[in-house]
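Taking it in order: structure first as structure tokens, then the write-up.
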Amino acid sequence: MFQSIFSPSVQHTIDLIGIFVFAVSGALLAVRKNFDVFGLAVIAEVTALGGGLFRDLVIGAVPPAAFTDLGYFLTPLFAAGLVFFLHPEVQRIETAVNVFDAAGLGLFCVVGTVKAYEYGLNLPASAALGLATAVGGGVLRDVLANDVPSLLRWDRDLYAVPAMVGAAMVAVCIRFDALNAVTSGLAVVTAFVLRLLAMRYHWRAPRAWNRRSTAVEVAETEDRDGKVPHYEATA
Amino acid sequence: MFQSIFSPSVQHTIDLIGIFVFAVSGALLAVRKNFDVFGLAVIAEVTALGGGLFRDLVIGAVPPAAFTDLGYFLTPLFAAGLVFFLHPEVQRIETAVNVFDAAGLGLFCVVGTVKAYEYGLNLPASAALGLATAVGGGVLRDVLANDVPSLLRWDRDLYAVPAMVGAAMVAVCIRFDALNAVTSGLAVVTAFVLRLLAMRYHWRAPRAWNRRSTAVEVAETEDRDGKVPHYEATA
Amino acid sequence: MFQSIFSPSVQHTIDLIGIFVFAVSGALLAVRKNFDVFGLAVIAEVTALGGGLFRDLVIGAVPPAAFTDLGYFLTPLFAAGLVFFLHPEVQRIETAVNVFDAAGLGLFCVVGTVKAYEYGLNLPASAALGLATAVGGGVLRDVLANDVPSLLRWDRDLYAVPAMVGAAMVAVCIRFDALNAVTSGLAVVTAFVLRLLAMRYHWRAPRAWNRRSTAVEVAETEDRDGKVPHYEATA
């Protein structure tokens with residue numbers, strides 16, 4: 001039933017777009033980190049396919065789609081090639097990349113939740129796995145680049161929350177048997193718009209209590225690579 | 001047969017306690033690393049469920065228990081919430097947390113070994129996977145926090161060895177068909193007590209030969225976050 | 001059919017040699033990082049078995065060979081023990097270790113590609129997974145040691161390319177139904193020799209365009225641990 005939400009070819013095209021924009025975001029980080037062309041390709045693949053790969057391993061859908069669909073595999077290579085040759089231009093349009101990345105986020109949290117539910121997970125677990133699908137690639141990208149994952153850092157605009165909202169909307173729709181092309185599209189758009197708003201207005205999540213007083217200090221001492229400096233607990 | 005060592009509800013309660021204390025240890029690291037509330041939740045989930053997730057993927061028990069049991073999923077969120085609001089208090093009782101963590105370690109090495117054996121692994125592999133269940137979450141926690149895993153560092157009290165002993169005791173009991181509630185409880189307690197003793201008396205493992213002469217120097221230059229400074233081999 | 005390329009015992013011996021040399025390379029990094037004896041053993045296991053473990057999880061061959069074959073599990077421990085006691089000697093013969101590592105690389109890219117194809121993956125995916133088998137352990141080793149993976153760095157001699165060539169040769173042979181002991185041996189030797197040449201002549205891959213002007217500067221400022229310094233994009 002769920003497979004019929006989107007026609008297969010539409011679904012596939014949407015997937016490839018999401019994979020492409022995630023791969024671009026990975027490749028841009030690789031350029032900033034001074035990796036070589038193979039590093040670019042590896043990071044692009046991992047960023048684009050890592051979340052879905054994790055989901056497929058967890059639900060037992062092996063071999064994962066990342067390894068059975070040639071388009072999934074080649075799209076990140078294409079993205080890496082583009083960034084390799086055009087990275088100054090791509091960096092100039094970083095806003096555009098971020099918008100695409102937000103679209104990928106919205107899309108993957110919905111697709112991931114639906115696929116996990118199809119494989120028999122309960123609704124909260126499906127939503128959690130949908131979230132993991134959407135953000136997993138970015139976490140792997142940052143781990144490979146030896147950074148603290150953006151996802152975890154207080155000084156980054158909200159990224160997980162929009163995906164959580166999208167995944168939760170899908171779970172609620174499934175619960176009330178109301179998942180169709182319209183409602184799932186709505187979930188994608190909601191996550192997408194929330195992420196855009198978070199970037200536009202720099203929405204951030206709170207840190208643990210008693211620590212906010214140090215927020216300004218930390219923001220100022222943050223080094224140019226965006227590494228959070230370590231310091232002792234104030235409490 | 002093995003499932004009857006503990007009654008399911010007792011087993012489940014024990015599991016949840018282990019998950020809770022591991023989640024607290026992850027959330028405390030997240031506070032120290034200045035992550036936001038979602039970072040706290042993610043690290044708590046990964047620390048608590050990562051080891052079991054790895055075990056379940058390896059033995060082909062998909063979807064893993066972490067995604068099928070709602071209690072497993074919600075417990076780390078609850079722990080993260082507690083730490084978020086009460087972290088100065090939690091840090092003050094860090095000894096208590098360490099004691100609970102030791103209990104989790106003892107428990108998970110035994111549970112992991114038994115589950116791996118039930119899924120058909122041989123005894124040495126079951127013990128190895130029991131060890132991985134017990135320490136895997138902590139390794140993932142440290143990798144996400146961009147630290148060298150505590151497990152690998154010479155300047156930390158023994159952590160793997162107590163879990164190895166517990167897992168090996170279970171394997172020996174299975175070999176001689178003597179695994180029951182008493183012997184497996186004994187294995188849990190042995191690993192637990194060994195870890196407590198290692199913390200109390202700062203038992204540490206040796207490093208490779210010819211390097212011990214630099215031990216004092218390194219301990220002194222260690223920075224405040226506990227990062228081991230890198231230096232060249234003395235040999 | 002493919003199983004008969006090598007007799008099982010020959011295949012097994014070759015596997016163990018590859019595992020051993022990978023484990024030595026991991027253990028040597030652990031010594032340089034000042035890990036204790038358990039850290040040495042863990043890194044040796046992960047480096048030697050990580051790539052194959054990932055491959056087996058992806059193709060659904062669970063439990064993975066790393067956990068069913070006792071020889072696979074004990075060989076890295078043996079390698080870690082050797083390095084623990086003899087590491088100055090092992091470092092002195094680092095060239096020999098690199099040669100063995102190159103042999104492991106050639107072997108694993110071929111074995112991994114064949115096994116992935118046997119489990120039903122298409123040819124490009126099989127070659128990609130063969131590559132992942134060959135390089136995966138090294139990436140995990142570097143992530144655990146909190147380094148940027150060698151594989152991704154522009155200032156290291158080519159490592160992925162020889163494995164890519166070997167895996168691609170196997171895929172082409174399978175495509176034309178010409179995979180036998182001779183052709184697969186040829187693929188191993190080609191990857192092996194290419195890696196040796198890359199080390200001998202310091203072949204490196206290009207970075208993204210417009211960045212090469214800074215190559216000299218970076219090489220000079222690289223710190224003694226080989227960490228690539230971060231700097232802003234020049235573009």
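Chains: A, B, ... in order of the structure tokens. Residues: from 1 per chain. Ligands: from 1, in order shown.
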Please identify every residue of chain B that has at least one atom no farther than 8 Å from an atom of chain A, counting only C-alpha atoms, and for each give the shortest atom pair and the distance in Å to one decimal, arranged by chain then increasing number, as JSON lines.
```
{"residue": "B:Val31", "atom": "CA", "partner": "A:Ala208", "partner_atom": "CA", "distance": 6.5}
{"residue": "B:Arg32", "atom": "CA", "partner": "A:Ala233", "partner_atom": "CA", "distance": 5.9}
{"residue": "B:Lys33", "atom": "CA", "partner": "A:His230", "partner_atom": "CA", "distance": 6.5}
{"residue": "B:Asn34", "atom": "CA", "partner": "A:Arg207", "partner_atom": "CA", "distance": 6.9}
{"residue": "B:Phe35", "atom": "CA", "partner": "A:Arg153", "partner_atom": "CA", "distance": 4.8}
{"residue": "B:Asp36", "atom": "CA", "partner": "A:Arg207", "partner_atom": "CA", "distance": 4.1}
{"residue": "B:Val37", "atom": "CA", "partner": "A:Arg207", "partner_atom": "CA", "distance": 5.4}
{"residue": "B:Phe38", "atom": "CA", "partner": "A:Leu152", "partner_atom": "CA", "distance": 6.6}
{"residue": "B:Gly39", "atom": "CA", "partner": "A:Leu152", "partner_atom": "CA", "distance": 3.9}
{"residue": "B:Leu40", "atom": "CA", "partner": "A:Leu152", "partner_atom": "CA", "distance": 7.5}
{"residue": "B:Val42", "atom": "CA", "partner": "A:Leu152", "partner_atom": "CA", "distance": 7.5}
{"residue": "B:Leu57", "atom": "CA", "partner": "A:Val58", "partner_atom": "CA", "distance": 7.0}
{"residue": "B:Gly60", "atom": "CA", "partner": "A:Gly60", "partner_atom": "CA", "distance": 7.9}
{"residue": "B:Val62", "atom": "CA", "partner": "A:Gly60", "partner_atom": "CA", "distance": 5.6}
{"residue": "B:Pro63", "atom": "CA", "partner": "A:Ile59", "partner_atom": "CA", "distance": 4.9}
{"residue": "B:Pro64", "atom": "CA", "partner": "A:Val58", "partner_atom": "CA", "distance": 6.6}
{"residue": "B:Phe67", "atom": "CA", "partner": "A:Ala125", "partner_atom": "CA", "distance": 5.2}
{"residue": "B:Thr68", "atom": "CA", "partner": "A:Leu121", "partner_atom": "CA", "distance": 6.3}
{"residue": "B:Leu70", "atom": "CA", "partner": "A:Pro124", "partner_atom": "CA", "distance": 7.4}
{"residue": "B:Phe73", "atom": "CA", "partner": "A:Ala125", "partner_atom": "CA", "distance": 7.8}
{"residue": "B:Val83", "atom": "CA", "partner": "A:Ala208", "partner_atom": "CA", "distance": 7.7}
{"residue": "B:Phe84", "atom": "CA", "partner": "A:Ala208", "partner_atom": "CA", "distance": 4.7}
{"residue": "B:Phe85", "atom": "CA", "partner": "A:Trp209", "partner_atom": "CA", "distance": 6.0}
{"residue": "B:Leu86", "atom": "CA", "partner": "A:Trp209", "partner_atom": "CA", "distance": 7.8}
{"residue": "B:His87", "atom": "CA", "partner": "A:Ala208", "partner_atom": "CA", "distance": 7.4}
{"residue": "B:Pro88", "atom": "CA", "partner": "A:Ala235", "partner_atom": "CA", "distance": 5.7}
{"residue": "B:Val143", "atom": "CA", "partner": "A:Val143", "partner_atom": "CA", "distance": 7.3}
{"residue": "B:Leu144", "atom": "CA", "partner": "A:Val148", "partner_atom": "CA", "distance": 6.4}
{"residue": "B:Ala145", "atom": "CA", "partner": "A:Val148", "partner_atom": "CA", "distance": 5.9}
{"residue": "B:Asn146", "atom": "CA", "partner": "A:Val148", "partner_atom": "CA", "distance": 5.5}
{"residue": "B:Arg224", "atom": "CA", "partner": "A:Glu232", "partner_atom": "CA", "distance": 7.7}
{"residue": "B:Asp225", "atom": "CA", "partner": "A:His230", "partner_atom": "CA", "distance": 6.8}
```
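Using only C-alpha atoms, the residues found no farther than 9 Å from C:Ala187, other than those of its own chain fewer than 4 positions away, are Gly106, Leu107, Cys109, Val110, Val165, Gly166, Ala167, Ala168, Met169, Val170, Val182, Thr183, Ala191 and Phe192 of chain C.
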Please produce a file of the residues just selected, as a PDB file, in the first residue's frame, where the atoms kept are N, CA and C atoms.
```
ATOM      1  N   GLY C 106      45.714  -5.905  -1.743  1.00  0.00           N
ATOM      2  CA  GLY C 106      45.433  -6.548  -3.020  1.00  0.00           C
ATOM      3  C   GLY C 106      44.525  -7.752  -2.847  1.00  0.00           C
ATOM      4  N   LEU C 107      44.826  -8.531  -1.824  1.00  0.00           N
ATOM      5  CA  LEU C 107      44.064  -9.742  -1.590  1.00  0.00           C
ATOM      6  C   LEU C 107      42.613  -9.455  -1.210  1.00  0.00           C
ATOM      7  N   CYS C 109      40.731  -6.790  -1.646  1.00  0.00           N
ATOM      8  CA  CYS C 109      39.853  -6.169  -2.643  1.00  0.00           C
ATOM      9  C   CYS C 109      39.316  -7.239  -3.588  1.00  0.00           C
ATOM     10  N   VAL C 110      40.148  -8.259  -3.879  1.00  0.00           N
ATOM     11  CA  VAL C 110      39.706  -9.330  -4.774  1.00  0.00           C
ATOM     12  C   VAL C 110      38.716 -10.260  -4.056  1.00  0.00           C
ATOM     13  N   VAL C 165      41.472  -0.610  -8.669  1.00  0.00           N
ATOM     14  CA  VAL C 165      41.888  -1.271  -9.904  1.00  0.00           C
ATOM     15  C   VAL C 165      41.731  -2.784  -9.757  1.00  0.00           C
ATOM     16  N   GLY C 166      42.178  -3.318  -8.614  1.00  0.00           N
ATOM     17  CA  GLY C 166      42.041  -4.757  -8.400  1.00  0.00           C
ATOM     18  C   GLY C 166      40.592  -5.204  -8.418  1.00  0.00           C
ATOM     19  N   ALA C 167      39.731  -4.460  -7.723  1.00  0.00           N
ATOM     20  CA  ALA C 167      38.312  -4.819  -7.670  1.00  0.00           C
ATOM     21  C   ALA C 167      37.679  -4.711  -9.053  1.00  0.00           C
ATOM     22  N   ALA C 168      38.052  -3.675  -9.793  1.00  0.00           N
ATOM     23  CA  ALA C 168      37.495  -3.495 -11.136  1.00  0.00           C
ATOM     24  C   ALA C 168      37.939  -4.631 -12.056  1.00  0.00           C
ATOM     25  N   MET C 169      39.196  -5.052 -11.914  1.00  0.00           N
ATOM     26  CA  MET C 169      39.660  -6.162 -12.745  1.00  0.00           C
ATOM     27  C   MET C 169      38.832  -7.415 -12.485  1.00  0.00           C
ATOM     28  N   VAL C 170      38.552  -7.684 -11.216  1.00  0.00           N
ATOM     29  CA  VAL C 170      37.728  -8.853 -10.894  1.00  0.00           C
ATOM     30  C   VAL C 170      36.341  -8.716 -11.509  1.00  0.00           C
ATOM     31  N   VAL C 182      44.084 -17.833 -12.187  1.00  0.00           N
ATOM     32  CA  VAL C 182      45.108 -16.994 -12.824  1.00  0.00           C
ATOM     33  C   VAL C 182      44.679 -15.530 -12.847  1.00  0.00           C
ATOM     34  N   THR C 183      43.448 -15.286 -13.351  1.00  0.00           N
ATOM     35  CA  THR C 183      43.039 -13.885 -13.482  1.00  0.00           C
ATOM     36  C   THR C 183      42.848 -13.230 -12.120  1.00  0.00           C
ATOM     37  N   ALA C 191      47.004  -4.947  -7.956  1.00  0.00           N
ATOM     38  CA  ALA C 191      46.736  -4.022  -6.858  1.00  0.00           C
ATOM     39  C   ALA C 191      47.960  -3.908  -5.958  1.00  0.00           C
ATOM     40  N   PHE C 192      48.589  -5.029  -5.691  1.00  0.00           N
ATOM     41  CA  PHE C 192      49.771  -5.082  -4.835  1.00  0.00           C
ATOM     42  C   PHE C 192      50.903  -4.229  -5.412  1.00  0.00           C
TER      43      PHE C 192
END
```
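All residues of protein, DNA or RNA that reach within 12 Å of B:Ser7, judged by only C-alpha atoms and not counting those fewer than 6 positions away in the chain, are Met1, Thr13, Ile14, Asn180 and Ala181 of chain B.
Interatomic distance, atom CA of B:Ala65 to atom CA of B:Val193: 27.6 Å.
Note that the spacing between atom CA of A:Ser25 and atom CA of A:Tyr117 amounts to 28.2 Å.
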Self-check item: One-decimal distance in Å that lies between atom CA of A:Ala96 and atom CA of A:Val21
Solution: 9.9 Å
